[in-house]
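Undergrad: Please find coords30.pdb (PDB, C-alpha atoms) on the next line:
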ATOM      1  CA  MET A   1     121.725  80.743 106.459
ATOM      2  CA  LYS A   2     122.757  82.249 103.105
ATOM      3  CA  THR A   3     122.885  80.530  99.741
ATOM      4  CA  LYS A   4     125.750  81.155  97.321
ATOM      5  CA  HIS A   5     123.592  83.925  95.848
ATOM      6  CA  GLY A   6     123.315  85.673  99.208
ATOM      7  CA  LYS A   7     119.624  84.917  99.683
ATOM      8  CA  GLN A   8     118.598  84.379 103.274
ATOM      9  CA  GLN A   9     116.775  81.090 103.700
ATOM     10  CA  ALA A  10     114.498  79.824 106.440
ATOM     11  CA  THR A  11     116.484  78.513 109.386
ATOM     12  CA  ALA A  12     115.876  74.790 109.745
ATOM     13  CA  SER A  13     114.214  73.918 113.047
ATOM     14  CA  ILE A  14     112.103  71.132 114.450
ATOM     15  CA  ILE A  15     110.612  73.523 117.016
ATOM     16  CA  PRO A  16     107.154  74.850 116.049
ATOM     17  CA  ILE A  17     106.931  78.552 115.282
ATOM     18  CA  ASP A  18     105.135  80.549 117.978
ATOM     19  CA  TYR A  19     105.299  83.947 116.283
ATOM     20  CA  LEU A  20     105.615  84.613 112.550
ATOM     21  CA  VAL A  21     105.920  88.246 111.508
ATOM     22  CA  ILE A  22     105.724  89.216 107.833
ATOM     23  CA  GLY A  23     106.834  92.442 106.173
ATOM     24  CA  HIS A  24     109.854  94.374 104.976
ATOM     25  CA  ILE A  25     112.784  95.064 107.201
ATOM     26  CA  ALA A  26     113.733  98.686 106.539
ATOM     27  CA  CYS A  27     116.768 100.868 106.257
ATOM     28  CA  ASP A  28     115.999 104.111 108.117
ATOM     29  CA  LEU A  29     118.361 106.825 106.970
ATOM     30  CA  THR A  30     120.046 108.725 109.811
ATOM     31  CA  PRO A  31     123.016 111.108 110.029
ATOM     32  CA  ASP A  32     125.055 108.069 111.107
ATOM     33  CA  GLY A  33     123.963 105.880 108.212
ATOM     34  CA  CYS A  34     121.365 103.130 107.834
ATOM     35  CA  ALA A  35     119.526 102.055 110.987
ATOM     36  CA  VAL A  36     117.472  98.873 111.230
ATOM     37  CA  GLY A  37     113.764  99.624 110.979
ATOM     38  CA  GLY A  38     110.391  98.116 110.177
ATOM     39  CA  THR A  39     107.759  96.164 112.050
ATOM     40  CA  VAL A  40     109.533  92.835 111.568
ATOM     41  CA  ALA A  41     112.586  94.129 113.429
ATOM     42  CA  TYR A  42     110.882  95.700 116.432
ATOM     43  CA  ALA A  43     107.962  93.259 116.762
ATOM     44  CA  GLY A  44     110.016  90.196 115.873
ATOM     45  CA  ARG A  45     112.748  90.910 118.393
ATOM     46  CA  ALA A  46     110.220  91.787 121.106
ATOM     47  CA  ALA A  47     108.323  88.515 120.552
ATOM     48  CA  HIS A  48     111.587  86.581 120.720
ATOM     49  CA  ILE A  49     112.544  88.207 124.008
ATOM     50  CA  LEU A  50     109.089  87.450 125.407
ATOM     51  CA  GLY A  51     109.814  83.760 124.937
ATOM     52  CA  CYS A  52     108.404  82.995 121.490
ATOM     53  CA  HIS A  53     110.156  80.902 118.889
ATOM     54  CA  THR A  54     110.007  83.628 116.257
ATOM     55  CA  ALA A  55     110.295  83.634 112.464
ATOM     56  CA  VAL A  56     110.411  86.470 109.917
ATOM     57  CA  LEU A  57     109.403  86.491 106.254
ATOM     58  CA  THR A  58     110.876  89.572 104.603
ATOM     59  CA  SER A  59     112.660  90.995 101.561
ATOM     60  CA  ALA A  60     115.809  93.098 101.436
ATOM     61  CA  HIS A  61     118.982  93.752  99.494
ATOM     62  CA  ALA A  62     121.211  90.694  99.461
ATOM     63  CA  ASP A  63     123.851  92.536 101.497
ATOM     64  CA  TYR A  64     121.503  93.414 104.364
ATOM     65  CA  ASP A  65     122.905  91.732 107.483
ATOM     66  CA  LEU A  66     119.725  90.077 108.703
ATOM     67  CA  VAL A  67     121.462  87.754 111.144
ATOM     68  CA  ASP A  68     122.804  90.775 113.021
ATOM     69  CA  ALA A  69     119.514  92.677 112.734
ATOM     70  CA  LEU A  70     117.349  89.738 113.850
ATOM     71  CA  PRO A  71     119.427  87.707 116.329
ATOM     72  CA  GLY A  72     117.964  84.387 117.397
ATOM     73  CA  ILE A  73     115.157  84.568 114.828
ATOM     74  CA  ASP A  74     114.440  82.187 111.943
ATOM     75  CA  ILE A  75     114.631  84.134 108.666
ATOM     76  CA  HIS A  76     113.334  83.658 105.142
ATOM     77  CA  CYS A  77     114.270  86.574 102.902
ATOM     78  CA  LEU A  78     113.650  87.304  99.238
ATOM     79  CA  ALA A  79     116.875  88.924  98.090
ATOM     80  CA  THR A  80     116.350  91.928  95.820
ATOM     81  CA  ASP A  81     118.325  94.814  94.388
ATOM     82  CA  ARG A  82     117.124  97.287  97.007
ATOM     83  CA  SER A  83     115.871  97.416 100.565
ATOM     84  CA  THR A  84     112.850  99.408 101.620
ATOM     85  CA  THR A  85     114.384 102.693 102.708
ATOM     86  CA  PHE A  86     112.873 105.652 104.564
ATOM     87  CA  ALA A  87     114.036 109.106 105.574
ATOM     88  CA  ASN A  88     112.175 110.822 108.416
ATOM     89  CA  ARG A  89     112.154 114.524 109.208
ATOM     90  CA  TYR A  90     110.381 115.801 112.302
ATOM     91  CA  THR A  91     108.709 119.210 112.286
ATOM     92  CA  ALA A  92     106.341 121.132 114.540
ATOM     93  CA  GLU A  93     103.478 119.766 112.444
ATOM     94  CA  GLY A  94     104.654 116.161 112.820
ATOM     95  CA  ARG A  95     106.752 113.646 110.905
ATOM     96  CA  VAL A  96     107.548 114.107 107.218
ATOM     97  CA  GLN A  97     108.455 110.737 105.723
ATOM     98  CA  THR A  98     110.061 110.006 102.353
ATOM     99  CA  ILE A  99     110.507 106.569 100.793
ATOM    100  CA  HIS A 100     113.589 105.945  98.639
ATOM    101  CA  GLY A 101     113.116 102.329  97.614
ATOM    102  CA  VAL A 102     110.892  99.289  98.101
ATOM    103  CA  ALA A 103     111.967  95.641  98.257
ATOM    104  CA  ALA A 104     110.071  92.705  96.699
ATOM    105  CA  ARG A 105     106.371  92.028  97.227
ATOM    106  CA  LEU A 106     105.537  89.182  99.626
ATOM    107  CA  THR A 107     102.876  86.619  98.700
ATOM    108  CA  ALA A 108     101.558  83.302  99.954
ATOM    109  CA  ALA A 109     103.971  81.476  97.633
ATOM    110  CA  HIS A 110     106.915  82.730  99.700
ATOM    111  CA  ILE A 111     105.806  81.246 103.025
ATOM    112  CA  PRO A 112     107.623  78.025 104.014
ATOM    113  CA  ALA A 113     105.102  75.220 104.448
ATOM    114  CA  ALA A 114     106.020  74.550 108.084
ATOM    115  CA  TRP A 115     105.447  78.196 108.966
ATOM    116  CA  GLN A 116     101.807  78.027 107.889
ATOM    117  CA  ARG A 117     101.109  76.384 111.261
ATOM    118  CA  ALA A 118     102.536  79.232 113.361
ATOM    119  CA  ALA A 119     100.573  79.909 116.542
ATOM    120  CA  ILE A 120     100.607  83.689 115.976
ATOM    121  CA  VAL A 121     100.871  85.355 112.560
ATOM    122  CA  HIS A 122     101.546  89.090 112.520
ATOM    123  CA  LEU A 123     101.154  90.851 109.178
ATOM    124  CA  GLY A 124     103.069  94.111 109.481
ATOM    125  CA  PRO A 125     103.363  95.903 106.121
ATOM    126  CA  ILE A 126     105.278  99.170 105.964
ATOM    127  CA  ALA A 127     105.121  99.905 102.215
ATOM    128  CA  ASN A 128     102.089  98.022 100.857
ATOM    129  CA  GLU A 129     104.405  95.052 100.315
ATOM    130  CA  ILE A 130     102.195  92.206 101.581
ATOM    131  CA  ASP A 131      99.449  90.487  99.624
ATOM    132  CA  PRO A 132      96.714  90.323 102.297
ATOM    133  CA  ALA A 133      95.223  87.251 100.603
ATOM    134  CA  MET A 134      97.936  85.200 102.338
ATOM    135  CA  MET A 135      95.757  85.418 105.449
ATOM    136  CA  HIS A 136      93.728  82.539 104.041
ATOM    137  CA  LEU A 137      96.699  80.186 104.564
ATOM    138  CA  PHE A 138      96.601  80.476 108.348
ATOM    139  CA  SER A 139      93.360  78.747 109.299
ATOM    140  CA  ASN A 140      94.617  77.622 112.730
ATOM    141  CA  SER A 141      96.640  80.711 113.692
ATOM    142  CA  LEU A 142      95.892  83.785 115.760
ATOM    143  CA  ILE A 143      96.222  86.459 113.069
ATOM    144  CA  GLY A 144      97.165  89.991 114.042
ATOM    145  CA  LEU A 145      97.264  92.967 111.679
ATOM    146  CA  THR A 146      99.131  96.242 111.969
ATOM    147  CA  PRO A 147      97.868  97.605 108.636
ATOM    148  CA  GLN A 148      99.794 100.887 108.558
ATOM    149  CA  GLY A 149     101.662  99.925 105.389
ATOM    150  CA  TRP A 150      98.389  99.317 103.546
ATOM    151  CA  MET A 151      97.167 102.728 104.729
ATOM    152  CA  ARG A 152      99.941 104.783 103.120
ATOM    153  CA  GLN A 153     101.014 105.783  99.633
ATOM    154  CA  TRP A 154     103.631 108.123  98.193
ATOM    155  CA  ASP A 155     103.978 110.591  95.362
ATOM    156  CA  ALA A 156     106.571 110.768  92.564
ATOM    157  CA  ASN A 157     109.062 112.371  94.952
ATOM    158  CA  GLY A 158     108.600 109.628  97.552
ATOM    159  CA  ARG A 159     106.666 111.804 100.002
ATOM    160  CA  VAL A 160     104.549 109.438 102.101
ATOM    161  CA  TYR A 161     100.981 110.270 103.059
ATOM    162  CA  ALA A 162      97.930 108.460 104.395
ATOM    163  CA  GLN A 163      95.322 106.810 102.212
ATOM    164  CA  ASP A 164      92.127 104.813 102.575
ATOM    165  CA  TRP A 165      92.868 101.065 102.423
ATOM    166  CA  GLN A 166      90.321  99.881  99.898
ATOM    167  CA  ALA A 167      90.585  96.198 100.867
ATOM    168  CA  ALA A 168      90.029  96.799 104.595
ATOM    169  CA  ARG A 169      86.428  95.603 104.582
ATOM    170  CA  ALA A 170      87.428  92.252 103.060
ATOM    171  CA  TYR A 171      90.398  91.489 105.302
ATOM    172  CA  LEU A 172      89.889  93.076 108.705
ATOM    173  CA  PRO A 173      87.219  90.505 109.691
ATOM    174  CA  LEU A 174      89.718  87.672 109.112
ATOM    175  CA  ALA A 175      92.039  88.876 111.883
ATOM    176  CA  ALA A 176      91.779  88.025 115.562
ATOM    177  CA  ALA A 177      93.124  91.497 116.369
ATOM    178  CA  VAL A 178      93.714  94.697 114.409
ATOM    179  CA  ILE A 179      96.095  97.239 115.927
ATOM    180  CA  ILE A 180      96.309 100.755 114.502
ATOM    181  CA  SER A 181      97.647 104.110 115.623
ATOM    182  CA  GLU A 182      95.441 107.170 115.826
ATOM    183  CA  GLU A 183      98.015 108.775 113.508
ATOM    184  CA  ASP A 184      97.012 106.278 110.789
ATOM    185  CA  LEU A 185      93.417 107.488 110.674
ATOM    186  CA  LEU A 186      92.211 109.947 108.058
ATOM    187  CA  ASN A 187      89.103 110.864 110.045
ATOM    188  CA  ASP A 188      86.602 109.653 112.646
ATOM    189  CA  ALA A 189      84.591 107.879 109.954
ATOM    190  CA  MET A 190      87.545 105.572 109.248
ATOM    191  CA  LEU A 191      87.727 104.599 112.916
ATOM    192  CA  ALA A 192      84.004 103.830 112.902
ATOM    193  CA  GLN A 193      84.418 101.629 109.840
ATOM    194  CA  TYR A 194      87.396  99.761 111.260
ATOM    195  CA  ARG A 195      85.484  99.174 114.483
ATOM    196  CA  ARG A 196      82.578  97.741 112.539
ATOM    197  CA  TRP A 197      84.724  95.457 110.387
ATOM    198  CA  SER A 198      87.114  94.201 113.101
ATOM    199  CA  ARG A 199      86.388  91.533 115.696
ATOM    200  CA  LEU A 200      88.868  93.213 118.045
ATOM    201  CA  LEU A 201      90.331  96.648 117.355
ATOM    202  CA  VAL A 202      93.080  98.301 119.387
ATOM    203  CA  LEU A 203      93.779 102.005 118.867
ATOM    204  CA  THR A 204      97.192 103.056 120.152
ATOM    205  CA  GLN A 205      97.454 106.641 121.374
ATOM    206  CA  GLY A 206     101.103 107.220 122.233
ATOM    207  CA  TYR A 207     101.807 108.356 125.787
ATOM    208  CA  ARG A 208      98.045 108.224 126.509
ATOM    209  CA  GLY A 209      97.976 104.444 126.151
ATOM    210  CA  CYS A 210      95.353 102.679 124.062
ATOM    211  CA  THR A 211      91.647 102.120 123.567
ATOM    212  CA  VAL A 212      90.287  98.609 123.011
ATOM    213  CA  PHE A 213      87.068  98.006 121.064
ATOM    214  CA  CYS A 214      85.763  94.470 121.583
ATOM    215  CA  GLY A 215      82.182  93.745 120.617
ATOM    216  CA  ASP A 216      80.012  96.409 122.205
ATOM    217  CA  GLU A 217      82.553  97.144 124.916
ATOM    218  CA  ILE A 218      85.107  99.969 124.863
ATOM    219  CA  ARG A 219      87.875 100.331 127.437
ATOM    220  CA  GLN A 220      90.654 102.892 127.753
ATOM    221  CA  PHE A 221      94.010 101.819 129.209
ATOM    222  CA  ASP A 222      96.445 104.471 130.388
ATOM    223  CA  ALA A 223     100.135 103.945 129.710
ATOM    224  CA  PRO A 224     102.667 104.179 132.555
ATOM    225  CA  HIS A 225     104.291 107.593 132.896
ATOM    226  CA  VAL A 226     107.957 107.269 131.890
ATOM    227  CA  PRO A 227     110.724 109.589 130.693
ATOM    228  CA  GLU A 228     110.480 109.446 126.880
ATOM    229  CA  VAL A 229     113.830 109.177 125.130
ATOM    230  CA  GLU A 230     113.000 107.645 121.720
ATOM    231  CA  PHE A 231     109.568 106.457 120.595
ATOM    232  CA  THR A 232     110.576 104.793 117.293
ATOM    233  CA  GLY A 233     109.219 101.238 117.158
ATOM    234  CA  ALA A 234     106.986 101.608 120.214
ATOM    235  CA  GLY A 235     103.851 100.777 118.232
ATOM    236  CA  ASP A 236     105.394  97.631 116.781
ATOM    237  CA  ILE A 237     106.659  96.543 120.193
ATOM    238  CA  PHE A 238     103.177  97.195 121.606
ATOM    239  CA  ALA A 239     101.656  95.026 118.866
ATOM    240  CA  ALA A 240     104.000  92.113 119.539
ATOM    241  CA  ALA A 241     103.352  92.254 123.281
ATOM    242  CA  TYR A 242      99.601  92.497 122.727
ATOM    243  CA  LEU A 243      99.439  89.510 120.367
ATOM    244  CA  VAL A 244     101.700  87.364 122.540
ATOM    245  CA  ARG A 245      99.631  88.104 125.642
ATOM    246  CA  LEU A 246      96.370  87.547 123.740
ATOM    247  CA  TRP A 247      97.643  84.099 122.800
ATOM    248  CA  GLN A 248      98.907  83.334 126.306
ATOM    249  CA  THR A 249      95.585  84.308 127.924
ATOM    250  CA  ASP A 250      93.365  82.498 125.404
ATOM    251  CA  GLY A 251      92.035  85.789 124.078
ATOM    252  CA  ASN A 252      91.800  88.237 126.994
ATOM    253  CA  PRO A 253      91.819  91.648 125.216
ATOM    254  CA  TRP A 254      91.974  93.705 128.419
ATOM    255  CA  GLU A 255      94.933  91.995 130.088
ATOM    256  CA  SER A 256      96.715  92.098 126.739
ATOM    257  CA  ALA A 257      96.288  95.880 126.577
ATOM    258  CA  ARG A 258      97.628  96.390 130.090
ATOM    259  CA  PHE A 259     100.656  94.212 129.369
ATOM    260  CA  ALA A 260     101.382  95.801 125.970
ATOM    261  CA  ASN A 261     101.221  99.303 127.471
ATOM    262  CA  GLU A 262     103.886  98.347 130.001
ATOM    263  CA  ILE A 263     106.207  96.854 127.381
ATOM    264  CA  ALA A 264     105.820  99.773 124.959
ATOM    265  CA  ALA A 265     106.350 102.337 127.729
ATOM    266  CA  ALA A 266     109.547 100.588 128.788
ATOM    267  CA  SER A 267     110.817 100.701 125.212
ATOM    268  CA  VAL A 268     110.565 104.490 124.827
ATOM    269  CA  THR A 269     112.950 105.041 127.734
ATOM    270  CA  GLN A 270     115.840 103.714 125.599
ATOM    271  CA  GLN A 271     117.547 105.283 122.573
ATOM    272  CA  THR A 272     118.450 102.340 120.330
ATOM    273  CA  LEU A 273     116.786  99.162 119.125
ATOM    274  CA  ALA A 274     119.361  97.101 121.003
ATOM    275  CA  GLY A 275     118.857  99.188 124.134
ATOM    276  CA  LYS A 276     115.087  98.800 123.963
ATOM    277  CA  MET A 277     115.372  95.032 123.615
ATOM    278  CA  GLU A 278     117.847  94.704 126.469
ATOM    279  CA  HIS A 279     115.620  96.802 128.742
ATOM    280  CA  ILE A 280     112.621  94.596 127.940
ATOM    281  CA  ARG A 281     114.730  91.474 128.418
ATOM    282  CA  GLN A 282     115.803  92.540 131.896
ATOM    283  CA  GLN A 283     112.189  92.943 133.059
ATOM    284  CA  TRP A 284     110.211  90.367 131.068
ATOM    285  CA  GLY A 285     112.673  88.290 129.072
ATOM    286  CA  GLN A 286     112.346  84.543 128.797
ATOM    287  CA  SER A 287     115.173  83.915 126.353
TER     288      SER A 287
END
So that I can check it, write out the structure of this file as structure tokens.
TA:
Amino acid sequence: MKTKHGKQQATASIIPIDYLVIGHIACDLTPDGCAVGGTVAYAGRAAHILGCHTAVLTSAHADYDLVDALPGIDIHCLATDRSTTFANRYTAEGRVQTIHGVAARLTAAHIPAAWQRAAIVHLGPIANEIDPAMMHLFSNSLIGLTPQGWMRQWDANGRVYAQDWQAARAYLPLAAAVIISEEDLLNDAMLAQYRRWSRLLVLTQGYRGCTVFCGDEIRQFDAPHVPEVEFTGAGDIFAAAYLVRLWQTDGNPWESARFANEIAAASVTQQTLAGKMEHIRQQWGQS
């Protein structure tokens, strides 16, 4: 619900939270205007469709229509004077990303008390907006990290580029699963470090699927071959499916990878966020 100041508050519910995802919801600039973006949108909606009672902690401009963007999801939003906003340009050398604004920083003080007992907690920063120290609140939760937003910075013109996350060594060991894209890596040495510091590391590799590093074991999982229409959000959808399945199977990293590959592959066959969610709902939906 909204207060008289427009601030989105946590939806009251007596049902325990299965999946809490934290991070900024984004405005992605397109020729048609502002499109919903960010990990909380893609991962949160995917978790909801997969049957989880889902909650989102985020920050955005007070006029951002979060109820429409996150249907069926409990929301707690810090209203601010701007939303995190990106513009993406695709070239032969890859994506060129520019950031035009960043919403408020999220800390442990912003988490509703009841949400600290969520079964799954997914920290999904997109613009270095999350204080990773909040991980210490969730002693009984399965914590998943998609640390991309801690692994990027931007210059005075807003041009986004990769960086080394200095706090990785302190926080990666606290997570049950760390999920990163090969595009996030600066070099092979970073992958080696993340493997060493993570209990379970999943490296997503686009149409090639993913590689799972668990203890001394490494397994590659091929993704289904599908006609690719739009890959935006596929990594976030993969992460949600992986964490949900990891929870459902009491920690089976291999079955979780197989399942997440299927969900992510299904998502890229659809153009829009709504289309992706409906396609997933038709095949795997529980809500």
Undergrad: Work out how far CA of Ile263 in chain A is from CA of Gln283 in chain A, in Å to one decimal.
TA: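 Answer for the CA of Gln283 in chain A to CA of Ile263 in chain A separation: 9.1 Å.
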Undergrad: For CA of Leu203 in chain A and CA of Phe231 in chain A, determine how far apart the two atoms are, in Å to one decimal place.
TA: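 Separating CA of Leu203 in chain A from CA of Phe231 in chain A is a distance of 16.5 Å.
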Undergrad: Residues picked by the PyMOL selection byres ((chain A and resi 106) around 8) here, as a PyMOL selection string?
TA: chain A and resi 23+58-59+104-105+107-108+110+129-131
Undergrad: Could you name the residues that touch Ala177 in chain A at 7 Å or less, counting all atoms listed in the file, but leaving out those on the same chain fewer than 4 positions away, as a PyMOL selection string?
TA: chain A and resi 143-145+199-201
Undergrad: Can you pull out every residue within 9 Å of Ile111 in chain A, counting all atoms listed in the file, but drop anything in the same chain fewer than 6 positions away, and send it as a PyMOL selection string?
TA: chain A and resi 57+76+134
Undergrad: Carefully work through the PyMOL selection byres ((chain A and resi 245) around 10) for this structure and note down the residues it includes, as a ChimeraX atom specification.
TA: /A:50,239-244,246-260
Undergrad: When you look at range 271-281 of chain A with a cut-off of 12 Å (counting only C-alpha atoms), what residues show up, excluding the ones that are within fewer than 6 positions of it in the same chain? I need them as number ranges by chain.
TA: A: 35-39, 41-51, 68-71, 227-234, 236-238, 241, 260, 262-265, 287
Undergrad: Using Å and a single decimal, report how far CA of Gly149 in chain A sits from CA of Leu185 in chain A.
TA: 12.4 Å
Undergrad: Quick one: of A:Trp154, A:Arg82, A:Leu174, A:Ala109, who's nearest to Phe138 in chain A, counting all atoms listed in the file?
TA: A:Leu174
Undergrad: Could you spell out the hits of the PyMOL selection byres ((chain A and resi 123) around 7) on the shown file, as a CSV table (one decimal) with C-alpha atoms, in the frame of the given file?
TA:
chain,number,residue,atom,x,y,z
A,21,VAL,CA,105.9,88.2,111.5
A,22,ILE,CA,105.7,89.2,107.8
A,23,GLY,CA,106.8,92.4,106.2
A,121,VAL,CA,100.9,85.4,112.6
A,122,HIS,CA,101.5,89.1,112.5
A,124,GLY,CA,103.1,94.1,109.5
A,125,PRO,CA,103.4,95.9,106.1
A,144,GLY,CA,97.2,90.0,114.0
A,145,LEU,CA,97.3,93.0,111.7
A,146,THR,CA,99.1,96.2,112.0
Undergrad: Starting from the incomplete input, reconstruct N, CA and C atoms of range 56-86 of chain A and write that as an mmCIF file, in the coordinates of the input.
TA:
data_model
loop_
_atom_site.group_PDB
_atom_site.id
_atom_site.type_symbol
_atom_site.label_atom_id
_atom_site.label_comp_id
_atom_site.auth_asym_id
_atom_site.auth_seq_id
_atom_site.Cartn_x
_atom_site.Cartn_y
_atom_site.Cartn_z
ATOM 1 N N VAL A 56 110.666 85.273 110.715
ATOM 2 C CA VAL A 56 110.411 86.470 109.917
ATOM 3 C C VAL A 56 110.440 86.109 108.440
ATOM 4 N N LEU A 57 109.399 86.518 107.714
ATOM 5 C CA LEU A 57 109.403 86.491 106.254
ATOM 6 C C LEU A 57 109.552 87.922 105.782
ATOM 7 N N THR A 58 110.598 88.195 104.999
ATOM 8 C CA THR A 58 110.876 89.572 104.603
ATOM 9 C C THR A 58 111.534 89.595 103.233
ATOM 10 N N SER A 59 111.898 90.804 102.785
ATOM 11 C CA SER A 59 112.660 90.995 101.561
ATOM 12 C C SER A 59 113.590 92.170 101.772
ATOM 13 N N ALA A 60 114.812 92.040 101.272
ATOM 14 C CA ALA A 60 115.809 93.098 101.436
ATOM 15 C C ALA A 60 116.927 92.882 100.435
ATOM 16 N N HIS A 61 117.789 93.886 100.310
ATOM 17 C CA HIS A 61 118.982 93.752 99.494
ATOM 18 C C HIS A 61 119.808 92.570 100.010
ATOM 19 N N ALA A 62 120.455 91.891 99.099
ATOM 20 C CA ALA A 62 121.211 90.694 99.461
ATOM 21 C C ALA A 62 122.310 90.962 100.476
ATOM 22 N N ASP A 63 122.776 92.207 100.560
ATOM 23 C CA ASP A 63 123.851 92.536 101.497
ATOM 24 C C ASP A 63 123.352 92.960 102.879
ATOM 25 N N TYR A 64 122.050 93.025 103.061
ATOM 26 C CA TYR A 64 121.503 93.414 104.364
ATOM 27 C C TYR A 64 121.858 92.325 105.379
ATOM 28 N N ASP A 65 122.473 92.710 106.471
ATOM 29 C CA ASP A 65 122.905 91.732 107.483
ATOM 30 C C ASP A 65 121.733 91.385 108.399
ATOM 31 N N LEU A 66 120.927 90.438 107.959
ATOM 32 C CA LEU A 66 119.725 90.077 108.703
ATOM 33 C C LEU A 66 120.042 89.292 109.966
ATOM 34 N N VAL A 67 121.100 88.533 109.949
ATOM 35 C CA VAL A 67 121.462 87.754 111.144
ATOM 36 C C VAL A 67 121.793 88.697 112.297
ATOM 37 N N ASP A 68 122.481 89.788 111.989
ATOM 38 C CA ASP A 68 122.804 90.775 113.021
ATOM 39 C C ASP A 68 121.563 91.568 113.422
ATOM 40 N N ALA A 69 120.698 91.876 112.457
ATOM 41 C CA ALA A 69 119.514 92.677 112.734
ATOM 42 C C ALA A 69 118.449 91.899 113.499
ATOM 43 N N LEU A 70 118.403 90.576 113.268
ATOM 44 C CA LEU A 70 117.349 89.738 113.850
ATOM 45 C C LEU A 70 117.973 88.550 114.589
ATOM 46 N N PRO A 71 118.723 88.803 115.640
ATOM 47 C CA PRO A 71 119.427 87.707 116.329
ATOM 48 C C PRO A 71 118.465 86.719 116.968
ATOM 49 N N GLY A 72 118.760 85.437 116.778
ATOM 50 C CA GLY A 72 117.964 84.387 117.397
ATOM 51 C C GLY A 72 116.658 84.085 116.700
ATOM 52 N N ILE A 73 116.437 84.689 115.531
ATOM 53 C CA ILE A 73 115.157 84.568 114.828
ATOM 54 C C ILE A 73 115.351 83.796 113.534
ATOM 55 N N ASP A 74 114.417 82.892 113.225
ATOM 56 C CA ASP A 74 114.440 82.187 111.943
ATOM 57 C C ASP A 74 114.070 83.182 110.837
ATOM 58 N N ILE A 75 114.790 83.129 109.713
ATOM 59 C CA ILE A 75 114.631 84.134 108.666
ATOM 60 C C ILE A 75 114.434 83.476 107.314
ATOM 61 N N HIS A 76 113.457 83.980 106.559
ATOM 62 C CA HIS A 76 113.334 83.658 105.142
ATOM 63 C C HIS A 76 113.218 84.985 104.402
ATOM 64 N N CYS A 77 114.200 85.267 103.559
ATOM 65 C CA CYS A 77 114.270 86.574 102.902
ATOM 66 C C CYS A 77 114.351 86.426 101.393
ATOM 67 N N LEU A 78 113.535 87.202 100.678
ATOM 68 C CA LEU A 78 113.650 87.304 99.238
ATOM 69 C C LEU A 78 114.690 88.382 98.938
ATOM 70 N N ALA A 79 115.834 87.954 98.412
ATOM 71 C CA ALA A 79 116.875 88.924 98.090
ATOM 72 C C ALA A 79 116.460 89.736 96.866
ATOM 73 N N THR A 80 116.713 91.040 96.915
ATOM 74 C CA THR A 80 116.350 91.928 95.820
ATOM 75 C C THR A 80 117.430 92.989 95.670
ATOM 76 N N ASP A 81 117.261 93.852 94.670
ATOM 77 C CA ASP A 81 118.325 94.814 94.388
ATOM 78 C C ASP A 81 118.244 96.061 95.253
ATOM 79 N N ARG A 82 117.229 96.149 96.105
ATOM 80 C CA ARG A 82 117.124 97.287 97.007
ATOM 81 C C ARG A 82 116.349 96.894 98.255
ATOM 82 N N SER A 83 116.647 97.577 99.333
ATOM 83 C CA SER A 83 115.871 97.416 100.565
ATOM 84 C C SER A 83 114.863 98.554 100.657
ATOM 85 N N THR A 84 113.796 98.322 101.360
ATOM 86 C CA THR A 84 112.850 99.408 101.620
ATOM 87 C C THR A 84 113.555 100.430 102.519
ATOM 88 N N THR A 85 113.578 101.666 102.060
ATOM 89 C CA THR A 85 114.384 102.693 102.708
ATOM 90 C C THR A 85 113.553 103.950 102.948
ATOM 91 N N PHE A 86 113.622 104.456 104.186
ATOM 92 C CA PHE A 86 112.873 105.652 104.564
ATOM 93 C C PHE A 86 113.815 106.724 105.094
#
